[in-house]
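Colleague: Before anything else, here's the structure in question.
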Amino acid sequence: MCRFCLVVLFFTYANFLAHAEASGQEGRIFQEWQINFEKKALLNGITAEVLEKAFKSLKPDLSVLEAAQNQAEFKRAIWDYLDRAVSVKRLKKGKKKYALLKEDLLKIYQTYSVEPEILVAIWGLESSYGEILNNEKIVKNVVRSLSTLAAFDERRANFATAQLIAALKILQNGDIDANHMTGSWAGAMGHTQFIPTTYLQFAVDFDGDSKRNIWHFELDALASAAHYLHQSGWQKDLPWGVEVALPKGFDYFLADKNLKKSLKDWQRLGVKILNEGSIKANTLTKQSAYLYLPSGYQGPAFLLFKNFDVLKRYNNANAYALAIGLISNGLKDKPLVVAEWPRHLKPLDKNEVEVAQRLLTESGFDAGGIDGLVGPKTRRAVRSFQKSKQLVPDGFLTEELLKRLQIE
Ligand code: CA
């Protein structure tokens with residue numbers, strides 16, 4: 001049976017098999033994979049001793065494949081995501097944690113030049129301030145998860161193999177032992193959810209016990225996150241972005257990541273900063289910014305600075321970086337979002353985006369391929385289509401726009 005067919009079969013029975021011992025054909029595939037992987041690991045400098053310990057009576061964890069499958073079926077509007085990410089509960093708990101760790105956070109700030117509220121925001125969003133680390137349904141053994149993905153999930157096999165080798169290097173370094181090296185189904189570990197390669201590159205020891213323990217010691221994790229942002233180009237004491245209001249008749253083609261302008265130039269175009277008082281004027285004048293409309297012309301607008309892109313190095317999603325920015329605002333009692341989200345609109349899922357891309361391409365608007373992902377080319381194609389129909393060219397793909405495309 002092909003590997004893909006086996007994966008499908010596993011999904012079907014995953015609920016029943018999740019904790020059962022692997023046997024029969026899947027057991028053989030796993031063994032075969034393990035023999036090949038061990039050769040690769042040895043070539044990458046992993047010792048036979050570490051390999052033997054890590055793989056001793058190791059069985060695949062089929063619940064990992066189920067979690068990976070569920071991940072693909074994702075459809076949520078940005079306002080729904082932000083409602084959960086920037087919740088009153090998360091802010092309240094974050095303020096308590098901030099107060100509790102204030103002095104240590106200040107030390108981290110002095111070393112890595114990243115503001116405490118940004119670090120607490122990342123901690124809160126990544127692991128609910130460490131709460132999820134106690135959730136047995138979410139937290140899995142990293143070597144077991146990554147081995148399962150590497151052996152059975154063809155789409156993720158390369159990623160999982162690289163992460164697994166990095167995970168074994170961590171074990172070899174002695175920061176943690178295999179039983180305590182836990183993480184998400186995809187191998188994101190500890191309070192700040194570092195994947196093994198990120199850990200190897202950026203994890204630091206805050207308290208000087210020579211162990212980089214991001215699993216059980218939040219300050220090691222927070223200092224590691226600060227080190228990561230610092231190395232990614234974080235600019236100390238500068239904002240990630242500001243909410244703005246756009247004038248009537250604004251040219252929405254200007255809302256493009258590749259179109260950076262100074263604040264003065266934006267103001268000349270009639271763009272107005274909301275809550276200007278909450279931001280030090282001198283922190284804005286030196287920087288260039290691009291305009292971002294997360295939900296089209298009917299929703300909030302933001303001018304984004306370099307630090308926003310640095311946050312995306314942590315997790316490459318606009319919604320994620322926006323959530324971190326807003327939580328950090330909330331922790332300092334700065335304003336959250338002023339404009340209303342267009343909650344009546346319905347965003348598209350991956351399949352629907354593919355349909356839209358096909359229709360756009362057929363109508364002569366180059367969507368840059370049909371992959372179900374909304375990138376700059378698809379957004380530009382949507383704008384051009386909107387413009388040709390005298391609609392506001394904001395590039396935002398919704399069910400309403402898909403219907404319009406279907407009747408053209
Ligand atoms: Ca430590």
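Identifiers in the structure tokens: chain A, B, ... in order shown; residue index from 1 per chain; ligand index from 1 in order shown.
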Distance limit 8 Å, reference ligand 1, atoms considered: only C-alpha atoms and all ligand atoms. Which residues make the cut? Give them as a ChimeraX atom specification.
Modeller: /A:204-214,217,219-220
Colleague: Would you kindly return, as a PyMOL selection string, each protein, DNA or RNA residue with an atom no farther than 12 Å from any atom of segment 358-366 of chain A, considering only C-alpha atoms and excluding same-chain residues fewer than 6 positions away?
Modeller: chain A and resi 351-352+372+375-388+397+401-408
Colleague: From a DSSP pass on the backbone, collect the residues of segment 211-387 of chain A flagged as helix (DSSP H, G or I) and hand them back as a ChimeraX atom specification.
Modeller: /A:218-231,252-254,263-268,276-278,281-285,306-314,318-331,350-362,376-387
Colleague: Using only C-alpha atoms, determine which residues lie at most 6 Å from segment 127-143 of chain A, disregarding the query and same-chain residues fewer than 4 positions distant; provide the list as a PyMOL selection string.
Modeller: chain A and resi 123+147+181-184+187+191
Colleague: Go ahead and write the residues just picked, all heavy atoms, as a PDB file, in the first residue's frame.
Modeller:
ATOM      1  N   TRP A 123       4.432  35.305  25.062  1.00  0.00           N
ATOM      2  CA  TRP A 123       4.235  34.218  26.045  1.00  0.00           C
ATOM      3  C   TRP A 123       2.734  33.882  26.166  1.00  0.00           C
ATOM      4  O   TRP A 123       2.332  32.715  26.143  1.00  0.00           O
ATOM      5  CB  TRP A 123       4.793  34.697  27.386  1.00  0.00           C
ATOM      6  CG  TRP A 123       4.812  33.692  28.495  1.00  0.00           C
ATOM      7  CD1 TRP A 123       4.771  32.331  28.389  1.00  0.00           C
ATOM      8  CD2 TRP A 123       4.885  34.001  29.888  1.00  0.00           C
ATOM      9  NE1 TRP A 123       4.823  31.761  29.634  1.00  0.00           N
ATOM     10  CE2 TRP A 123       4.898  32.766  30.577  1.00  0.00           C
ATOM     11  CE3 TRP A 123       4.965  35.188  30.619  1.00  0.00           C
ATOM     12  CZ2 TRP A 123       4.953  32.696  31.968  1.00  0.00           C
ATOM     13  CZ3 TRP A 123       5.038  35.114  32.006  1.00  0.00           C
ATOM     14  CH2 TRP A 123       5.029  33.888  32.668  1.00  0.00           C
ATOM     15  N   SER A 147       9.106  12.059  14.691  1.00  0.00           N
ATOM     16  CA  SER A 147       9.357  10.779  14.016  1.00  0.00           C
ATOM     17  C   SER A 147       8.119  10.347  13.242  1.00  0.00           C
ATOM     18  O   SER A 147       8.212   9.875  12.106  1.00  0.00           O
ATOM     19  CB  SER A 147       9.711   9.687  15.031  1.00  0.00           C
ATOM     20  OG  SER A 147      10.875  10.036  15.725  1.00  0.00           O
ATOM     21  N   MET A 181      11.334  16.413  26.945  1.00  0.00           N
ATOM     22  CA  MET A 181      11.325  17.291  25.777  1.00  0.00           C
ATOM     23  C   MET A 181       9.958  17.158  25.094  1.00  0.00           C
ATOM     24  O   MET A 181       9.750  16.342  24.202  1.00  0.00           O
ATOM     25  CB  MET A 181      12.459  16.964  24.808  1.00  0.00           C
ATOM     26  CG  MET A 181      12.576  18.045  23.751  1.00  0.00           C
ATOM     27  SD  MET A 181      14.145  18.036  22.826  1.00  0.00           S
ATOM     28  CE  MET A 181      14.001  16.500  22.004  1.00  0.00           C
ATOM     29  N   THR A 182       9.042  18.007  25.545  1.00  0.00           N
ATOM     30  CA  THR A 182       7.676  17.936  25.053  1.00  0.00           C
ATOM     31  C   THR A 182       7.378  19.140  24.163  1.00  0.00           C
ATOM     32  O   THR A 182       8.082  20.151  24.200  1.00  0.00           O
ATOM     33  CB  THR A 182       6.678  17.926  26.230  1.00  0.00           C
ATOM     34  OG1 THR A 182       6.966  19.058  27.046  1.00  0.00           O
ATOM     35  CG2 THR A 182       6.784  16.655  27.039  1.00  0.00           C
ATOM     36  N   GLY A 183       6.305  19.000  23.381  1.00  0.00           N
ATOM     37  CA  GLY A 183       5.942  20.098  22.490  1.00  0.00           C
ATOM     38  C   GLY A 183       4.613  19.838  21.810  1.00  0.00           C
ATOM     39  O   GLY A 183       3.927  18.859  22.110  1.00  0.00           O
ATOM     40  N   SER A 184       4.257  20.713  20.882  1.00  0.00           N
ATOM     41  CA  SER A 184       3.020  20.551  20.121  1.00  0.00           C
ATOM     42  C   SER A 184       3.208  19.405  19.124  1.00  0.00           C
ATOM     43  O   SER A 184       4.317  18.888  18.970  1.00  0.00           O
ATOM     44  CB  SER A 184       2.701  21.834  19.366  1.00  0.00           C
ATOM     45  OG  SER A 184       3.605  21.983  18.278  1.00  0.00           O
ATOM     46  N   GLY A 187       6.076  20.030  17.018  1.00  0.00           N
ATOM     47  CA  GLY A 187       7.397  20.169  17.640  1.00  0.00           C
ATOM     48  C   GLY A 187       7.692  21.540  18.228  1.00  0.00           C
ATOM     49  O   GLY A 187       8.847  21.851  18.516  1.00  0.00           O
ATOM     50  N   HIS A 191       7.443  27.373  26.883  1.00  0.00           N
ATOM     51  CA  HIS A 191       6.634  28.572  27.144  1.00  0.00           C
ATOM     52  C   HIS A 191       6.481  29.471  25.919  1.00  0.00           C
ATOM     53  O   HIS A 191       5.467  30.137  25.763  1.00  0.00           O
ATOM     54  CB  HIS A 191       7.273  29.383  28.280  1.00  0.00           C
ATOM     55  CG  HIS A 191       7.043  28.781  29.629  1.00  0.00           C
ATOM     56  ND1 HIS A 191       5.941  29.068  30.395  1.00  0.00           N
ATOM     57  CD2 HIS A 191       7.766  27.887  30.339  1.00  0.00           C
ATOM     58  CE1 HIS A 191       5.997  28.392  31.533  1.00  0.00           C
ATOM     59  NE2 HIS A 191       7.099  27.659  31.519  1.00  0.00           N
TER      60      HIS A 191
END
Colleague: Show which residues sit within 9 Å of segment 315-320 of chain A, as a list in words. Count only C-alpha atoms, and ignore same-chain residues fewer than 5 positions away.
Modeller: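 Those residues are Ile78, Tyr81, Leu82, Ala85, Leu125, Pro294, Phe308, Asp309 and Gly325 of chain A.
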Colleague: Go ahead and dump the residues you just picked, all heavy atoms, as a PDB file, in the first residue's frame.
Modeller:
ATOM      1  N   ILE A  78     -10.391  37.202  10.562  1.00  0.00           N
ATOM      2  CA  ILE A  78      -9.351  37.778  11.426  1.00  0.00           C
ATOM      3  C   ILE A  78      -9.963  38.328  12.715  1.00  0.00           C
ATOM      4  O   ILE A  78      -9.366  38.237  13.785  1.00  0.00           O
ATOM      5  CB  ILE A  78      -8.506  38.839  10.677  1.00  0.00           C
ATOM      6  CG1 ILE A  78      -7.306  39.244  11.548  1.00  0.00           C
ATOM      7  CG2 ILE A  78      -9.326  40.055  10.261  1.00  0.00           C
ATOM      8  CD1 ILE A  78      -6.210  39.978  10.834  1.00  0.00           C
ATOM      9  N   TYR A  81     -10.376  35.506  15.133  1.00  0.00           N
ATOM     10  CA  TYR A  81      -9.063  35.137  15.678  1.00  0.00           C
ATOM     11  C   TYR A  81      -8.628  36.143  16.744  1.00  0.00           C
ATOM     12  O   TYR A  81      -8.197  35.765  17.842  1.00  0.00           O
ATOM     13  CB  TYR A  81      -8.038  35.082  14.535  1.00  0.00           C
ATOM     14  CG  TYR A  81      -6.606  34.961  15.011  1.00  0.00           C
ATOM     15  CD1 TYR A  81      -6.110  33.743  15.485  1.00  0.00           C
ATOM     16  CD2 TYR A  81      -5.753  36.061  14.997  1.00  0.00           C
ATOM     17  CE1 TYR A  81      -4.800  33.636  15.931  1.00  0.00           C
ATOM     18  CE2 TYR A  81      -4.442  35.962  15.442  1.00  0.00           C
ATOM     19  CZ  TYR A  81      -3.973  34.744  15.911  1.00  0.00           C
ATOM     20  OH  TYR A  81      -2.678  34.648  16.358  1.00  0.00           O
ATOM     21  N   LEU A  82      -8.777  37.453  16.431  1.00  0.00           N
ATOM     22  CA  LEU A  82      -8.317  38.479  17.377  1.00  0.00           C
ATOM     23  C   LEU A  82      -9.183  38.517  18.642  1.00  0.00           C
ATOM     24  O   LEU A  82      -8.678  38.796  19.727  1.00  0.00           O
ATOM     25  CB  LEU A  82      -8.288  39.857  16.705  1.00  0.00           C
ATOM     26  CG  LEU A  82      -7.205  40.038  15.625  1.00  0.00           C
ATOM     27  CD1 LEU A  82      -7.365  41.374  14.907  1.00  0.00           C
ATOM     28  CD2 LEU A  82      -5.796  39.919  16.212  1.00  0.00           C
ATOM     29  N   ALA A  85      -7.549  35.871  20.585  1.00  0.00           N
ATOM     30  CA  ALA A  85      -6.131  36.126  20.879  1.00  0.00           C
ATOM     31  C   ALA A  85      -5.968  37.303  21.848  1.00  0.00           C
ATOM     32  O   ALA A  85      -5.164  37.250  22.776  1.00  0.00           O
ATOM     33  CB  ALA A  85      -5.371  36.397  19.584  1.00  0.00           C
ATOM     34  N   LEU A 125       0.277  34.491  24.022  1.00  0.00           N
ATOM     35  CA  LEU A 125      -0.350  33.937  22.823  1.00  0.00           C
ATOM     36  C   LEU A 125       0.182  32.544  22.488  1.00  0.00           C
ATOM     37  O   LEU A 125      -0.549  31.676  22.028  1.00  0.00           O
ATOM     38  CB  LEU A 125      -0.121  34.897  21.639  1.00  0.00           C
ATOM     39  CG  LEU A 125      -1.005  34.671  20.408  1.00  0.00           C
ATOM     40  CD1 LEU A 125      -2.488  34.648  20.786  1.00  0.00           C
ATOM     41  CD2 LEU A 125      -0.758  35.736  19.357  1.00  0.00           C
ATOM     42  N   PRO A 294      -6.440  44.725   7.171  1.00  0.00           N
ATOM     43  CA  PRO A 294      -6.627  43.288   7.391  1.00  0.00           C
ATOM     44  C   PRO A 294      -7.961  42.773   6.868  1.00  0.00           C
ATOM     45  O   PRO A 294      -8.091  41.589   6.561  1.00  0.00           O
ATOM     46  CB  PRO A 294      -6.587  43.137   8.913  1.00  0.00           C
ATOM     47  CG  PRO A 294      -6.082  44.426   9.441  1.00  0.00           C
ATOM     48  CD  PRO A 294      -6.337  45.474   8.420  1.00  0.00           C
ATOM     49  N   PHE A 308       6.937  45.243  13.034  1.00  0.00           N
ATOM     50  CA  PHE A 308       5.855  44.311  12.678  1.00  0.00           C
ATOM     51  C   PHE A 308       6.435  43.130  11.883  1.00  0.00           C
ATOM     52  O   PHE A 308       6.083  41.974  12.138  1.00  0.00           O
ATOM     53  CB  PHE A 308       4.787  45.044  11.854  1.00  0.00           C
ATOM     54  CG  PHE A 308       3.542  44.231  11.620  1.00  0.00           C
ATOM     55  CD1 PHE A 308       2.525  44.198  12.567  1.00  0.00           C
ATOM     56  CD2 PHE A 308       3.381  43.497  10.446  1.00  0.00           C
ATOM     57  CE1 PHE A 308       1.378  43.447  12.351  1.00  0.00           C
ATOM     58  CE2 PHE A 308       2.230  42.741  10.232  1.00  0.00           C
ATOM     59  CZ  PHE A 308       1.223  42.725  11.179  1.00  0.00           C
ATOM     60  N   ASP A 309       7.310  43.442  10.937  1.00  0.00           N
ATOM     61  CA  ASP A 309       7.928  42.375  10.138  1.00  0.00           C
ATOM     62  C   ASP A 309       8.847  41.495  10.984  1.00  0.00           C
ATOM     63  O   ASP A 309       8.993  40.308  10.710  1.00  0.00           O
ATOM     64  CB  ASP A 309       8.705  42.976   8.957  1.00  0.00           C
ATOM     65  CG  ASP A 309       7.768  43.660   7.968  1.00  0.00           C
ATOM     66  OD1 ASP A 309       6.582  43.280   7.926  1.00  0.00           O
ATOM     67  OD2 ASP A 309       8.209  44.578   7.259  1.00  0.00           O
ATOM     68  N   GLY A 325       1.019  42.668  18.649  1.00  0.00           N
ATOM     69  CA  GLY A 325       1.046  44.123  18.793  1.00  0.00           C
ATOM     70  C   GLY A 325      -0.089  44.626  19.664  1.00  0.00           C
ATOM     71  O   GLY A 325       0.121  45.446  20.578  1.00  0.00           O
TER      72      GLY A 325
END
Colleague: Rank A:Leu274, A:Ile165, A:Ile122, A:Leu246 by their smallest atom-to-atom distance to Val337 of chain A, using only C-alpha atoms, and report the top residue only.
Modeller: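 Smallest separation from Val337 of chain A among the options: A:Leu274.
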Colleague: Hey, what's within 9 Å of Ile273 of chain A if we count only C-alpha atoms and toss same-chain stuff fewer than 6 positions away? As an MDAnalysis selection string, please?
Modeller: chainID A and resid 242:245 267 302:303
Colleague: Out of A:Ile195, A:Leu229, A:Ala178, A:Leu331, which residue has the shortest atom-to-atom distance to Ala166 of chain A when counting only C-alpha atoms?
Modeller: A:Ile195
Colleague: Quick one: of A:Leu373, A:Val120, A:Ala150, A:Val50, who's nearest to Ile324 of chain A, counting only C-alpha atoms?
Modeller: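 Under the stated criterion, the closest residue is A:Val120.
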Colleague: Would you please work out which residue, of A:Leu304, A:Leu391, A:Leu164, A:Lys272, is nearest to Asn258 of chain A when using only C-alpha atoms?
Modeller: A:Leu304
Colleague: Could you pull out all residues of segment 197-391 of chain A with a DSSP call of strand (DSSP E) and give them as a PyMOL selection string?
Modeller: chain A and resi 241-245+261-262+272-273+288-292+301-304
Colleague: Please produce an output containing C-alpha atoms for each residue in the selection, written as a PDB file, in the first residue's frame.
Modeller:
ATOM      1  CA  GLY A 241       2.378  49.989  14.078  1.00  0.00           C
ATOM      2  CA  VAL A 242      -0.448  52.452  14.576  1.00  0.00           C
ATOM      3  CA  GLU A 243      -4.096  52.439  13.657  1.00  0.00           C
ATOM      4  CA  VAL A 244      -5.038  55.095  11.126  1.00  0.00           C
ATOM      5  CA  ALA A 245      -8.133  56.556   9.465  1.00  0.00           C
ATOM      6  CA  LYS A 261       6.390  55.875   2.786  1.00  0.00           C
ATOM      7  CA  SER A 262       7.436  58.233   5.512  1.00  0.00           C
ATOM      8  CA  LYS A 272      -4.694  60.300  10.069  1.00  0.00           C
ATOM      9  CA  ILE A 273      -3.143  58.571  13.061  1.00  0.00           C
ATOM     10  CA  SER A 288       8.865  54.381   6.886  1.00  0.00           C
ATOM     11  CA  ALA A 289       5.634  52.432   7.015  1.00  0.00           C
ATOM     12  CA  TYR A 290       3.276  50.475   4.793  1.00  0.00           C
ATOM     13  CA  LEU A 291      -0.481  50.465   4.939  1.00  0.00           C
ATOM     14  CA  TYR A 292      -2.298  47.288   5.943  1.00  0.00           C
ATOM     15  CA  ALA A 301      -6.401  50.309   8.802  1.00  0.00           C
ATOM     16  CA  PHE A 302      -2.860  50.215  10.202  1.00  0.00           C
ATOM     17  CA  LEU A 303       0.459  51.761   9.302  1.00  0.00           C
ATOM     18  CA  LEU A 304       3.091  49.125  10.026  1.00  0.00           C
TER      19      LEU A 304
END
Colleague: Can you work out which one of A:Tyr199, A:Phe253, A:Trp234, A:Trp185 has the shortest atom-to-atom distance to Tyr109 of chain A, counting only C-alpha atoms?
Modeller: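 Ranking A:Tyr199, A:Phe253, A:Trp234, A:Trp185 by distance to Tyr109 of chain A, first place goes to A:Trp234.
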Colleague: Select, from A:His344, A:His230, A:Lys280, A:Lys257, the residue with the minimum atom-to-atom distance to Leu311 of chain A, counting only C-alpha atoms.
Modeller: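 Looking only at the distances to Leu311 of chain A, the closest residue turns out to be A:His230.
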Colleague: Work out how far apart atom CA of Val88 of chain A and atom CA of Ala186 of chain A are and give it in Å to one decimal.
Modeller: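 About the pair atom CA of Val88 of chain A and atom CA of Ala186 of chain A: they are 28.2 Å apart.
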Colleague: With only C-alpha atoms as the counted atoms, please give the residues lying no more than 10 Å from Lys236 of chain A, apart from itself and same-chain residues fewer than 5 positions off, as a list in words.
Modeller: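 Once the nearby chain positions are removed, what remains is Tyr109, Tyr112, Ser113, Val114, Glu115, His230 and Asn307 of chain A.
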